[in-house]
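S.K.: Just upload04.pdb, nothing more (PDB, C-alpha atoms and all ligand atoms):
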ATOM      1  CA  MET L  76     -17.036 -38.043 -36.235
ATOM      2  CA  ASN L  77     -19.488 -40.946 -36.365
ATOM      3  CA  PRO L  78     -18.212 -44.339 -37.510
ATOM      4  CA  PRO L  79     -19.482 -45.364 -40.933
ATOM      5  CA  GLY L  80     -22.983 -46.742 -40.787
ATOM      6  CA  PHE L  81     -23.957 -44.875 -37.607
ATOM      7  CA  SER L  82     -26.333 -41.962 -37.240
ATOM      8  CA  GLU L  83     -25.743 -38.871 -35.068
ATOM      9  CA  ALA L  84     -27.450 -40.779 -32.205
ATOM     10  CA  ASN L  85     -24.994 -43.659 -32.638
ATOM     11  CA  GLU L  86     -27.759 -45.898 -33.924
ATOM     12  CA  PRO L  87     -26.995 -48.141 -36.883
ATOM     13  CA  VAL L  88     -28.727 -46.816 -39.941
ATOM     14  CA  ALA L  89     -31.247 -49.164 -41.564
ATOM     15  CA  ARG L  90     -29.422 -49.703 -44.843
ATOM     16  CA  VAL L  91     -25.695 -50.004 -44.971
ATOM     17  CA  GLU L  92     -23.666 -50.278 -48.099
ATOM     18  CA  THR L  93     -21.113 -53.030 -47.451
ATOM     19  CA  PRO L  94     -17.547 -51.955 -48.263
ATOM     20  CA  ALA L  95     -15.589 -54.197 -50.631
ATOM     21  CA  GLU L  96     -13.239 -55.539 -47.900
ATOM     22  CA  PHE L  97     -16.185 -57.292 -46.160
ATOM     23  CA  GLU L  98     -17.530 -60.450 -47.654
ATOM     24  CA  THR L  99     -21.050 -60.036 -46.323
ATOM     25  CA  GLU L 100     -23.182 -57.314 -44.836
ATOM     26  CA  THR L 101     -23.355 -59.430 -41.635
ATOM     27  CA  ASP L 102     -19.545 -59.292 -41.324
ATOM     28  CA  TYR L 103     -19.660 -55.561 -41.841
ATOM     29  CA  ARG L 104     -22.433 -55.088 -39.260
ATOM     30  CA  ALA L 105     -20.455 -57.249 -36.774
ATOM     31  CA  GLU L 106     -17.408 -55.035 -37.330
ATOM     32  CA  LEU L 107     -19.524 -51.930 -36.838
ATOM     33  CA  GLU L 108     -20.915 -53.376 -33.608
ATOM     34  CA  ARG L 109     -17.360 -54.100 -32.334
ATOM     35  CA  THR L 110     -16.337 -50.555 -33.184
ATOM     36  CA  ARG L 111     -19.407 -49.192 -31.419
ATOM     37  CA  SER L 112     -18.644 -51.279 -28.302
ATOM     38  CA  GLN L 113     -15.026 -50.089 -28.305
ATOM     39  CA  LEU L 114     -16.194 -46.493 -28.582
ATOM     40  CA  LEU L 115     -18.571 -46.974 -25.649
ATOM     41  CA  VAL L 116     -15.754 -48.453 -23.538
ATOM     42  CA  PHE L 117     -13.517 -45.559 -24.585
ATOM     43  CA  ALA L 118     -16.252 -43.043 -23.686
ATOM     44  CA  ARG L 119     -16.699 -44.693 -20.259
ATOM     45  CA  ASP L 120     -12.927 -44.629 -19.677
ATOM     46  CA  MET L 121     -12.798 -40.972 -20.683
ATOM     47  CA  SER L 122     -15.650 -40.188 -18.328
ATOM     48  CA  ALA L 123     -13.841 -41.972 -15.466
ATOM     49  CA  VAL L 124     -10.613 -40.094 -16.250
ATOM     50  CA  TYR L 125     -12.512 -36.789 -16.322
ATOM     51  CA  GLN L 126     -14.199 -37.633 -13.005
ATOM     52  CA  ARG L 127     -10.836 -38.474 -11.396
ATOM     53  CA  LYS L 128      -9.389 -35.240 -12.788
ATOM     54  CA  ARG L 129     -12.256 -33.257 -11.267
ATOM     55  CA  GLU L 130     -11.800 -34.965  -7.894
ATOM     56  CA  HIS L 131      -8.080 -34.304  -8.078
ATOM     57  CA  GLU L 132      -8.696 -30.625  -8.875
ATOM     58  CA  GLN L 133     -11.136 -30.317  -5.978
ATOM     59  CA  LYS L 134      -8.604 -31.886  -3.584
ATOM     60  CA  LEU L 135      -5.886 -29.613  -4.940
ATOM     61  CA  GLY L 136      -8.165 -26.570  -4.576
ATOM     62  CA  ALA L 137      -8.893 -27.509  -0.941
ATOM     63  CA  LEU L 138      -5.176 -28.007  -0.252
ATOM     64  CA  LEU L 139      -4.319 -24.650  -1.829
ATOM     65  CA  GLU L 140      -7.003 -22.978   0.263
ATOM     66  CA  GLU L 141      -5.515 -24.610   3.385
ATOM     67  CA  LEU L 142      -2.074 -23.439   2.316
ATOM     68  CA  ARG L 143      -3.378 -19.911   1.725
ATOM     69  CA  THR L 144      -5.002 -19.913   5.181
ATOM     70  CA  ASP L 145      -1.720 -21.120   6.708
ATOM     71  CA  TYR L 146       0.157 -18.346   4.917
ATOM     72  CA  LEU L 147      -2.313 -15.786   6.212
ATOM     73  CA  SER L 148      -1.888 -17.106   9.740
ATOM     74  CA  ILE L 149       1.851 -16.622   9.299
ATOM     75  CA  VAL L 150       1.246 -13.074   8.020
ATOM     76  CA  GLU L 151      -0.933 -12.270  11.031
ATOM     77  CA  THR L 152       1.506 -13.900  13.448
ATOM     78  CA  LEU L 153       4.398 -11.943  11.968
ATOM     79  CA  ALA L 154       2.418  -8.719  12.283
ATOM     80  CA  LEU L 155       1.529  -9.495  15.911
ATOM     81  CA  VAL L 156       5.165 -10.295  16.733
ATOM     82  CA  VAL L 157       6.088  -6.825  15.509
ATOM     83  CA  GLU L 158       3.266  -5.233  17.454
ATOM     84  CA  ALA L 159       4.334  -7.058  20.633
ATOM     85  CA  LYS L 160       7.930  -5.961  20.157
ATOM     86  CA  ASP L 161       7.236  -2.408  19.143
ATOM     87  CA  GLN L 162       6.430   0.483  21.413
ATOM     88  CA  TYR L 163       3.149   1.248  19.637
ATOM     89  CA  THR L 164      -0.016   0.873  21.616
ATOM     90  CA  ALA L 165      -2.155  -2.196  21.212
ATOM     91  CA  ASN L 166      -4.158  -2.556  18.025
ATOM     92  CA  HIS L 167      -2.074  -0.037  16.080
ATOM     93  CA  LEU L 168      -1.955  -2.462  13.165
ATOM     94  CA  GLU L 169      -5.662  -3.179  13.165
ATOM     95  CA  ARG L 170      -6.472   0.547  13.329
ATOM     96  CA  CYS L 171      -4.015   1.330  10.536
ATOM     97  CA  LYS L 172      -5.652  -1.351   8.424
ATOM     98  CA  ARG L 173      -9.120   0.077   9.071
ATOM     99  CA  TYR L 174      -8.046   3.675   8.382
ATOM    100  CA  GLY L 175      -6.116   2.515   5.321
ATOM    101  CA  ILE L 176      -9.098   0.678   3.854
ATOM    102  CA  ALA L 177     -11.446   3.617   4.538
ATOM    103  CA  LEU L 178      -9.061   6.090   2.891
ATOM    104  CA  THR L 179      -8.255   3.819  -0.050
ATOM    105  CA  SER L 180     -12.001   3.350  -0.663
ATOM    106  CA  ARG L 181     -12.321   7.110  -1.210
ATOM    107  CA  ILE L 182      -9.282   7.335  -3.506
ATOM    108  CA  ASP L 183      -9.602   4.187  -5.610
ATOM    109  CA  ALA L 184     -11.740   1.343  -4.296
ATOM    110  CA  SER L 185     -10.340  -1.017  -6.950
ATOM    111  CA  MET L 186      -7.030  -0.955  -5.050
ATOM    112  CA  ILE L 187      -8.542  -2.775  -2.087
ATOM    113  CA  THR L 188      -7.245  -6.326  -2.250
ATOM    114  CA  PRO L 189      -6.156  -8.820   0.404
ATOM    115  CA  GLN L 190      -2.552  -8.073  -0.596
ATOM    116  CA  LEU L 191      -3.027  -4.350   0.124
ATOM    117  CA  GLN L 192      -4.354  -5.244   3.568
ATOM    118  CA  TYR L 193      -1.393  -7.571   4.218
ATOM    119  CA  GLY L 194       0.827  -4.612   3.356
ATOM    120  CA  PHE L 195      -0.969  -2.463   5.937
ATOM    121  CA  LEU L 196      -0.501  -5.206   8.563
ATOM    122  CA  LEU L 197       3.087  -6.065   7.675
ATOM    123  CA  HIS L 198       4.475  -2.588   6.964
ATOM    124  CA  ASP L 199       6.831  -2.718   9.963
ATOM    125  CA  VAL L 200       7.647  -6.433   9.859
ATOM    126  CA  GLY L 201      11.316  -5.485   9.344
ATOM    127  CA  LYS L 202      11.403  -4.162  12.918
ATOM    128  CA  ILE L 203      11.853  -7.801  13.943
ATOM    129  CA  GLY L 204      15.445  -7.266  12.837
ATOM    130  CA  ILE L 205      15.996  -4.052  14.828
ATOM    131  CA  PRO L 206      17.651  -4.372  18.278
ATOM    132  CA  GLU L 207      15.203  -3.741  21.111
ATOM    133  CA  ALA L 208      17.558  -1.199  22.684
ATOM    134  CA  ILE L 209      16.848   0.982  19.657
ATOM    135  CA  LEU L 210      13.241  -0.046  19.071
ATOM    136  CA  MET L 211      12.212   0.526  22.697
ATOM    137  CA  LYS L 212      14.331   3.603  23.377
ATOM    138  CA  PRO L 213      11.990   6.166  24.919
ATOM    139  CA  GLY L 214      13.971   9.228  23.880
ATOM    140  CA  PRO L 215      15.224  10.460  20.511
ATOM    141  CA  LEU L 216      17.583   8.193  18.595
ATOM    142  CA  THR L 217      21.201   9.083  17.905
ATOM    143  CA  PRO L 218      22.189   9.452  14.231
ATOM    144  CA  GLU L 219      23.786   5.968  14.377
ATOM    145  CA  GLU L 220      20.671   4.449  15.927
ATOM    146  CA  MET L 221      18.524   6.228  13.346
ATOM    147  CA  THR L 222      20.623   4.675  10.568
ATOM    148  CA  VAL L 223      19.929   1.219  12.028
ATOM    149  CA  MET L 224      16.214   2.003  12.470
ATOM    150  CA  ARG L 225      15.963   3.093   8.856
ATOM    151  CA  THR L 226      16.958  -0.349   7.647
ATOM    152  CA  HIS L 227      13.592  -1.814   8.737
ATOM    153  CA  PRO L 228      11.777  -1.347   5.384
ATOM    154  CA  LEU L 229      14.463  -3.304   3.506
ATOM    155  CA  ILE L 230      14.685  -5.963   6.237
ATOM    156  CA  GLY L 231      10.900  -6.286   5.887
ATOM    157  CA  VAL L 232      11.178  -6.829   2.138
ATOM    158  CA  GLN L 233      13.687  -9.634   2.785
ATOM    159  CA  ILE L 234      11.479 -11.240   5.439
ATOM    160  CA  VAL L 235       8.461 -11.486   3.139
ATOM    161  CA  ALA L 236      10.433 -12.483   0.026
ATOM    162  CA  PRO L 237       9.738 -16.238   0.502
ATOM    163  CA  MET L 238       6.000 -15.490   0.791
ATOM    164  CA  ARG L 239       5.558 -14.057  -2.690
ATOM    165  CA  ARG L 240       2.929 -16.685  -3.502
ATOM    166  CA  VAL L 241       0.404 -14.809  -1.385
ATOM    167  CA  LEU L 242       1.985 -11.372  -1.113
ATOM    168  CA  ASP L 243       2.133  -9.462  -4.383
ATOM    169  CA  ASP L 244       3.956  -6.272  -5.414
ATOM    170  CA  VAL L 245       1.465  -4.055  -3.556
ATOM    171  CA  THR L 246       2.323  -5.688  -0.217
ATOM    172  CA  VAL L 247       6.022  -5.264  -0.864
ATOM    173  CA  GLU L 248       5.580  -1.645  -2.041
ATOM    174  CA  ILE L 249       3.960  -0.683   1.262
ATOM    175  CA  ILE L 250       6.639  -2.466   3.307
ATOM    176  CA  ARG L 251       9.441  -0.883   1.298
ATOM    177  CA  HIS L 252       8.126   2.640   0.766
ATOM    178  CA  HIS L 253       6.027   3.565   3.806
ATOM    179  CA  HIS L 254       8.759   5.946   5.037
ATOM    180  CA  GLU L 255       9.330   7.722   1.737
ATOM    181  CA  ARG L 256       8.434  11.420   1.791
ATOM    182  CA  PHE L 257       6.523  13.249  -0.918
ATOM    183  CA  ASP L 258       9.394  15.802  -1.159
ATOM    184  CA  GLY L 259      11.937  13.023  -1.792
ATOM    185  CA  ASN L 260      13.673  13.244   1.596
ATOM    186  CA  GLY L 261      12.411   9.922   2.933
ATOM    187  CA  TYR L 262      13.921   6.451   2.959
ATOM    188  CA  PRO L 263      15.006   3.874   1.854
ATOM    189  CA  ASP L 264      15.017   5.030  -1.789
ATOM    190  CA  GLY L 265      14.378   8.783  -1.535
ATOM    191  CA  ARG L 266      11.525   8.481  -4.029
ATOM    192  CA  LYS L 267       9.561  11.641  -4.718
ATOM    193  CA  GLY L 268       5.914  12.509  -5.501
ATOM    194  CA  SER L 269       4.099  10.046  -7.734
ATOM    195  CA  ASP L 270       7.238   7.881  -7.981
ATOM    196  CA  ILE L 271       6.202   6.648  -4.539
ATOM    197  CA  PRO L 272       3.523   3.955  -4.992
ATOM    198  CA  LEU L 273       0.065   5.334  -4.171
ATOM    199  CA  SER L 274      -0.520   2.516  -1.675
ATOM    200  CA  ALA L 275       2.523   3.683   0.319
ATOM    201  CA  ARG L 276       1.487   7.377   0.077
ATOM    202  CA  ILE L 277      -1.921   6.442   1.501
ATOM    203  CA  PHE L 278      -0.439   4.280   4.226
ATOM    204  CA  SER L 279       2.048   6.955   5.253
ATOM    205  CA  VAL L 280      -0.836   9.305   6.124
ATOM    206  CA  VAL L 281      -2.848   6.793   8.158
ATOM    207  CA  ASP L 282       0.245   5.439   9.944
ATOM    208  CA  SER L 283       1.284   8.945  10.989
ATOM    209  CA  PHE L 284      -2.267   9.859  11.974
ATOM    210  CA  ASP L 285      -2.525   6.824  14.235
ATOM    211  CA  ALA L 286       0.912   7.501  15.716
ATOM    212  CA  MET L 287      -0.136  11.071  16.537
ATOM    213  CA  THR L 288      -3.521  10.191  18.014
ATOM    214  CA  THR L 289      -2.400   7.434  20.406
ATOM    215  CA  ASP L 290      -0.430   7.682  23.647
ATOM    216  CA  ARG L 291       3.264   6.865  23.416
ATOM    217  CA  PRO L 292       5.697   6.240  26.275
ATOM    218  CA  TYR L 293       7.220   9.678  25.699
ATOM    219  CA  ARG L 294       4.117  11.777  24.971
ATOM    220  CA  LYS L 295       0.348  11.918  25.179
ATOM    221  CA  ALA L 296      -1.955  11.445  22.207
ATOM    222  CA  LEU L 297      -2.758  14.570  20.213
ATOM    223  CA  ALA L 298      -6.339  15.732  19.782
ATOM    224  CA  LEU L 299      -7.809  14.902  16.372
ATOM    225  CA  ASP L 300      -7.843  18.574  15.316
ATOM    226  CA  GLU L 301      -4.188  18.982  16.229
ATOM    227  CA  ALA L 302      -3.262  15.787  14.355
ATOM    228  CA  LEU L 303      -5.120  17.011  11.269
ATOM    229  CA  THR L 304      -3.403  20.393  11.492
ATOM    230  CA  ARG L 305      -0.042  18.623  11.523
ATOM    231  CA  LEU L 306      -0.975  16.438   8.569
ATOM    232  CA  ARG L 307      -2.067  19.555   6.654
ATOM    233  CA  ALA L 308       1.201  21.312   7.526
ATOM    234  CA  GLU L 309       3.131  18.366   6.035
ATOM    235  CA  ALA L 310       1.023  18.128   2.865
ATOM    236  CA  GLY L 311       3.439  18.419  -0.065
ATOM    237  CA  ARG L 312       6.399  17.816   2.288
ATOM    238  CA  GLN L 313       6.030  14.491   4.063
ATOM    239  CA  PHE L 314       2.649  13.585   2.573
ATOM    240  CA  ASP L 315       0.889  13.597  -0.794
ATOM    241  CA  PRO L 316      -1.380  16.702  -0.576
ATOM    242  CA  ASP L 317      -4.202  14.963  -2.474
ATOM    243  CA  VAL L 318      -4.135  12.044  -0.021
ATOM    244  CA  VAL L 319      -4.182  14.441   2.957
ATOM    245  CA  ALA L 320      -7.173  16.292   1.413
ATOM    246  CA  GLU L 321      -9.044  12.992   1.021
ATOM    247  CA  PHE L 322      -8.170  12.048   4.583
ATOM    248  CA  GLU L 323      -9.581  15.347   5.869
ATOM    249  CA  GLN L 324     -12.833  14.708   4.008
ATOM    250  CA  LEU L 325     -12.933  11.200   5.406
ATOM    251  CA  MET L 326     -12.508  12.589   8.930
ATOM    252  CA  GLN L 327     -15.374  15.014   8.372
ATOM    253  CA  SER L 328     -17.646  12.117   7.437
ATOM    254  CA  ILE L 329     -16.821  10.217  10.605
ATOM    255  CA  GLN L 330     -18.827  10.992  13.723
ATOM    256  CA  SER L 331     -16.927   8.826  16.180
ATOM    257  CA  PRO L 332     -13.942   6.437  16.141
ATOM    258  CA  GLU L 333     -16.393   3.506  16.140
ATOM    259  CA  ASP L 334     -17.502   4.576  12.653
ATOM    260  CA  TRP L 335     -14.208   3.495  11.103
TER     261      TRP L 335
HETATM  262 FE    FE L 401       7.962   1.804   9.661
END
What is this file in structure tokens?
Ligand SMILES: [Fe+2]
M.R.:
Amino acid sequence: MNPPGFSEANEPVARVETPAEFETETDYRAELERTRSQLLVFARDMSAVYQRKREHEQKLGALLEELRTDYLSIVETLALVVEAKDQYTANHLERCKRYGIALTSRIDASMITPQLQYGFLLHDVGKIGIPEAILMKPGPLTPEEMTVMRTHPLIGVQIVAPMRRVLDDVTVEIIRHHHERFDGNGYPDGRKGSDIPLSARIFSVVDSFDAMTTDRPYRKALALDEALTRLRAEAGRQFDPDVVAEFEQLMQSIQSPEDW
């Protein structure tokens, strides 16, 4: 609101009716001028405060970005620690991420977020807590060893719990549920069908596909056709049949592994 006697442009109007509390129009004009000066000072102060606030926000934004980058470095380091410790061949995580993104794009592209990709990278982070004698064992695990191995999804959830600022529910869902089975016989929660988060149902297919198509200490890689046949055989049992069908179509559209 403009002070009395001022126009919209803050210019004194030509004729001013002097209020009764002022003895002369000159007194009144002097008071108006003081008020105007105070308002200008106030406006300048406000502008300076706003400018400082903007600078502060920019600094804060840059710091948050640095923090986010640091968190991501931690995520990648954690993932690489698992890869180094695990028996999987090199680049298993990177391949799983690529396959996972390609398959998710076909099913629901809106699901592709950085957090989904962190889930793909960190799915086995809980293996950090599994003894190497079990993790590196070349042969089949005993029932007791299998029980220990099956704790890795929940250990993973605990490991990433302090990082919830950058890892959302999707990341945690993949870590927790990537060993659930579509028929309900998986672990750790024995979830069944669509009760298993879609992100985990997708990841389960690409993780298994990569495991089958790469050399392991105890067996050679399967041919792509054989791996697909096995995925198909497990559709509705280990895997979501719709996800397997999408994966088959994805495979048909790919000419060579470099196309991923
Ligand atoms: Fe796993």
S.K.: Just so the selection is clear, what residues does the PyMOL selection byres (((chain L and resi 145-160) around 8) and not hetatm) cover here, as a list in words?
M.R.: Glu141, Leu142, Arg143, Thr144, Asp161, Gln162, Tyr163, Ala165, Asn166, His167, Leu168, Tyr193, Leu196, Leu197, Asp199, Val200, Lys202, Ile203, Glu207, Met238 and Val241 of chain L
S.K.: Residues within 7 Å of ligand FE 401 (chain L) (all atoms listed in the file), as a VMD selection string?
M.R.: chain L and resid 198 to 199 227 to 228 253 to 254
S.K.: What is the atom CA of Asp300 of chain L-atom CA of Val280 of chain L distance in Å, reported with one decimal?
M.R.: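 Atom CA of Val280 of chain L lies 14.8 Å from atom CA of Asp300 of chain L.
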S.K.: Give one line per residue of segment 241-327 of chain L that approaches segment 177-188 of chain L to at most 12 Å, naming the two atoms of the closest pair and their distance in Å to one decimal, counting only C-alpha atoms; sort by chain then ascending residue number and deliver it as a tab-separated table.
M.R.:
residue	atom	partner	partner_atom	distance
L:Val241	CA	L:Thr188	CA	11.5
L:Leu242	CA	L:Thr188	CA	10.6
L:Asp243	CA	L:Thr188	CA	10.1
L:Asp244	CA	L:Thr188	CA	11.6
L:Val245	CA	L:Thr188	CA	9.1
L:Thr246	CA	L:Thr188	CA	9.8
L:Pro272	CA	L:Met186	CA	11.6
L:Leu273	CA	L:Thr179	CA	9.4
L:Ser274	CA	L:Thr179	CA	8.0
L:Ala275	CA	L:Thr179	CA	10.8
L:Arg276	CA	L:Thr179	CA	10.4
L:Ile277	CA	L:Thr179	CA	7.0
L:Phe278	CA	L:Leu178	CA	8.9
L:Ser279	CA	L:Leu178	CA	11.4
L:Val280	CA	L:Leu178	CA	9.4
L:Val281	CA	L:Leu178	CA	8.2
L:Asp282	CA	L:Leu178	CA	11.7
L:Phe284	CA	L:Leu178	CA	12.0
L:Asp317	CA	L:Ile182	CA	9.2
L:Val318	CA	L:Ile182	CA	7.8
L:Val319	CA	L:Leu178	CA	9.7
L:Ala320	CA	L:Ile182	CA	10.4
L:Glu321	CA	L:Arg181	CA	7.1
L:Phe322	CA	L:Leu178	CA	6.3
L:Glu323	CA	L:Leu178	CA	9.7
L:Gln324	CA	L:Arg181	CA	9.2
L:Leu325	CA	L:Leu178	CA	6.9
L:Met326	CA	L:Leu178	CA	9.5
S.K.: Considering only C-alpha atoms, return as a PDB file with C-alpha atoms, keeping the file's coordinate frame whatever protein or nucleic-acid residues lie within 10 Å of Thr226 of chain L, sequence-local ones (same chain, fewer than 2 positions apart) excluded.
M.R.:
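Output contents, as saved in out_36.pdb:
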ATOM      1  CA  GLY L 201      11.316  -5.485   9.344  1.00  0.00           C
ATOM      2  CA  LYS L 202      11.403  -4.162  12.918  1.00  0.00           C
ATOM      3  CA  GLY L 204      15.445  -7.266  12.837  1.00  0.00           C
ATOM      4  CA  ILE L 205      15.996  -4.052  14.828  1.00  0.00           C
ATOM      5  CA  MET L 221      18.524   6.228  13.346  1.00  0.00           C
ATOM      6  CA  THR L 222      20.623   4.675  10.568  1.00  0.00           C
ATOM      7  CA  VAL L 223      19.929   1.219  12.028  1.00  0.00           C
ATOM      8  CA  MET L 224      16.214   2.003  12.470  1.00  0.00           C
ATOM      9  CA  PRO L 228      11.777  -1.347   5.384  1.00  0.00           C
ATOM     10  CA  LEU L 229      14.463  -3.304   3.506  1.00  0.00           C
ATOM     11  CA  ILE L 230      14.685  -5.963   6.237  1.00  0.00           C
ATOM     12  CA  GLY L 231      10.900  -6.286   5.887  1.00  0.00           C
ATOM     13  CA  ARG L 251       9.441  -0.883   1.298  1.00  0.00           C
ATOM     14  CA  TYR L 262      13.921   6.451   2.959  1.00  0.00           C
ATOM     15  CA  PRO L 263      15.006   3.874   1.854  1.00  0.00           C
TER      16      PRO L 263
END
S.K.: I'd like to know which of L:Arg256, L:Arg111, L:Lys212, L:Arg240 is closest to Pro316 of chain L, using only C-alpha atoms.
M.R.: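 Closest to Pro316 of chain L, using only C-alpha atoms: L:Arg256.
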S.K.: To one decimal place in Å, what is the distance between atom CA of Thr288 of chain L and atom CA of Leu191 of chain L?
M.R.: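 Between these atoms lies a distance of 23.1 Å.
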S.K.: Can you patch up segment 166-186 of chain L, filling it in to N, CA and C atoms, and show the result as a compact mmCIF listing (two decimals), keeping the file's coordinate frame?
M.R.:
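Written out: out.txt:
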# COMPACT_ATOMS: atom_id res chain seq x y z
N ASN L 166 -3.23 -2.71 19.15
CA ASN L 166 -4.16 -2.56 18.02
C ASN L 166 -3.77 -1.48 17.00
N HIS L 167 -2.52 -1.02 17.08
CA HIS L 167 -2.07 -0.04 16.08
C HIS L 167 -2.25 -0.60 14.67
N LEU L 168 -1.88 -1.87 14.51
CA LEU L 168 -1.96 -2.46 13.16
C LEU L 168 -3.39 -2.56 12.68
N GLU L 169 -4.26 -3.01 13.56
CA GLU L 169 -5.66 -3.18 13.16
C GLU L 169 -6.27 -1.82 12.82
N ARG L 170 -5.93 -0.81 13.62
CA ARG L 170 -6.47 0.55 13.33
C ARG L 170 -5.93 1.05 12.00
N CYS L 171 -4.62 0.87 11.80
CA CYS L 171 -4.01 1.33 10.54
C CYS L 171 -4.69 0.65 9.35
N LYS L 172 -4.99 -0.62 9.51
CA LYS L 172 -5.65 -1.35 8.42
C LYS L 172 -7.03 -0.75 8.16
N ARG L 173 -7.77 -0.49 9.24
CA ARG L 173 -9.12 0.08 9.07
C ARG L 173 -9.06 1.47 8.43
N TYR L 174 -8.18 2.33 8.95
CA TYR L 174 -8.05 3.68 8.38
C TYR L 174 -7.61 3.56 6.91
N GLY L 175 -6.66 2.67 6.68
CA GLY L 175 -6.12 2.52 5.32
C GLY L 175 -7.18 2.08 4.33
N ILE L 176 -8.03 1.15 4.75
CA ILE L 176 -9.10 0.68 3.85
C ILE L 176 -10.10 1.81 3.61
N ALA L 177 -10.46 2.53 4.68
CA ALA L 177 -11.45 3.62 4.54
C ALA L 177 -10.91 4.69 3.59
N LEU L 178 -9.64 5.03 3.74
CA LEU L 178 -9.06 6.09 2.89
C LEU L 178 -8.89 5.60 1.45
N THR L 179 -8.43 4.36 1.30
CA THR L 179 -8.26 3.82 -0.05
C THR L 179 -9.60 3.74 -0.77
N SER L 180 -10.67 3.43 -0.04
CA SER L 180 -12.00 3.35 -0.66
C SER L 180 -12.37 4.68 -1.30
N ARG L 181 -11.98 5.78 -0.67
CA ARG L 181 -12.32 7.11 -1.21
C ARG L 181 -11.47 7.44 -2.43
N ILE L 182 -10.22 6.96 -2.43
CA ILE L 182 -9.28 7.34 -3.51
C ILE L 182 -9.44 6.43 -4.72
N ASP L 183 -9.43 5.13 -4.50
CA ASP L 183 -9.60 4.19 -5.61
C ASP L 183 -9.96 2.82 -5.02
N ALA L 184 -11.27 2.57 -4.96
CA ALA L 184 -11.74 1.34 -4.30
C ALA L 184 -11.20 0.08 -4.96
N SER L 185 -10.83 0.19 -6.26
CA SER L 185 -10.34 -1.02 -6.95
C SER L 185 -8.98 -1.46 -6.40
N MET L 186 -8.33 -0.58 -5.63
CA MET L 186 -7.03 -0.96 -5.05
C MET L 186 -7.17 -1.89 -3.85
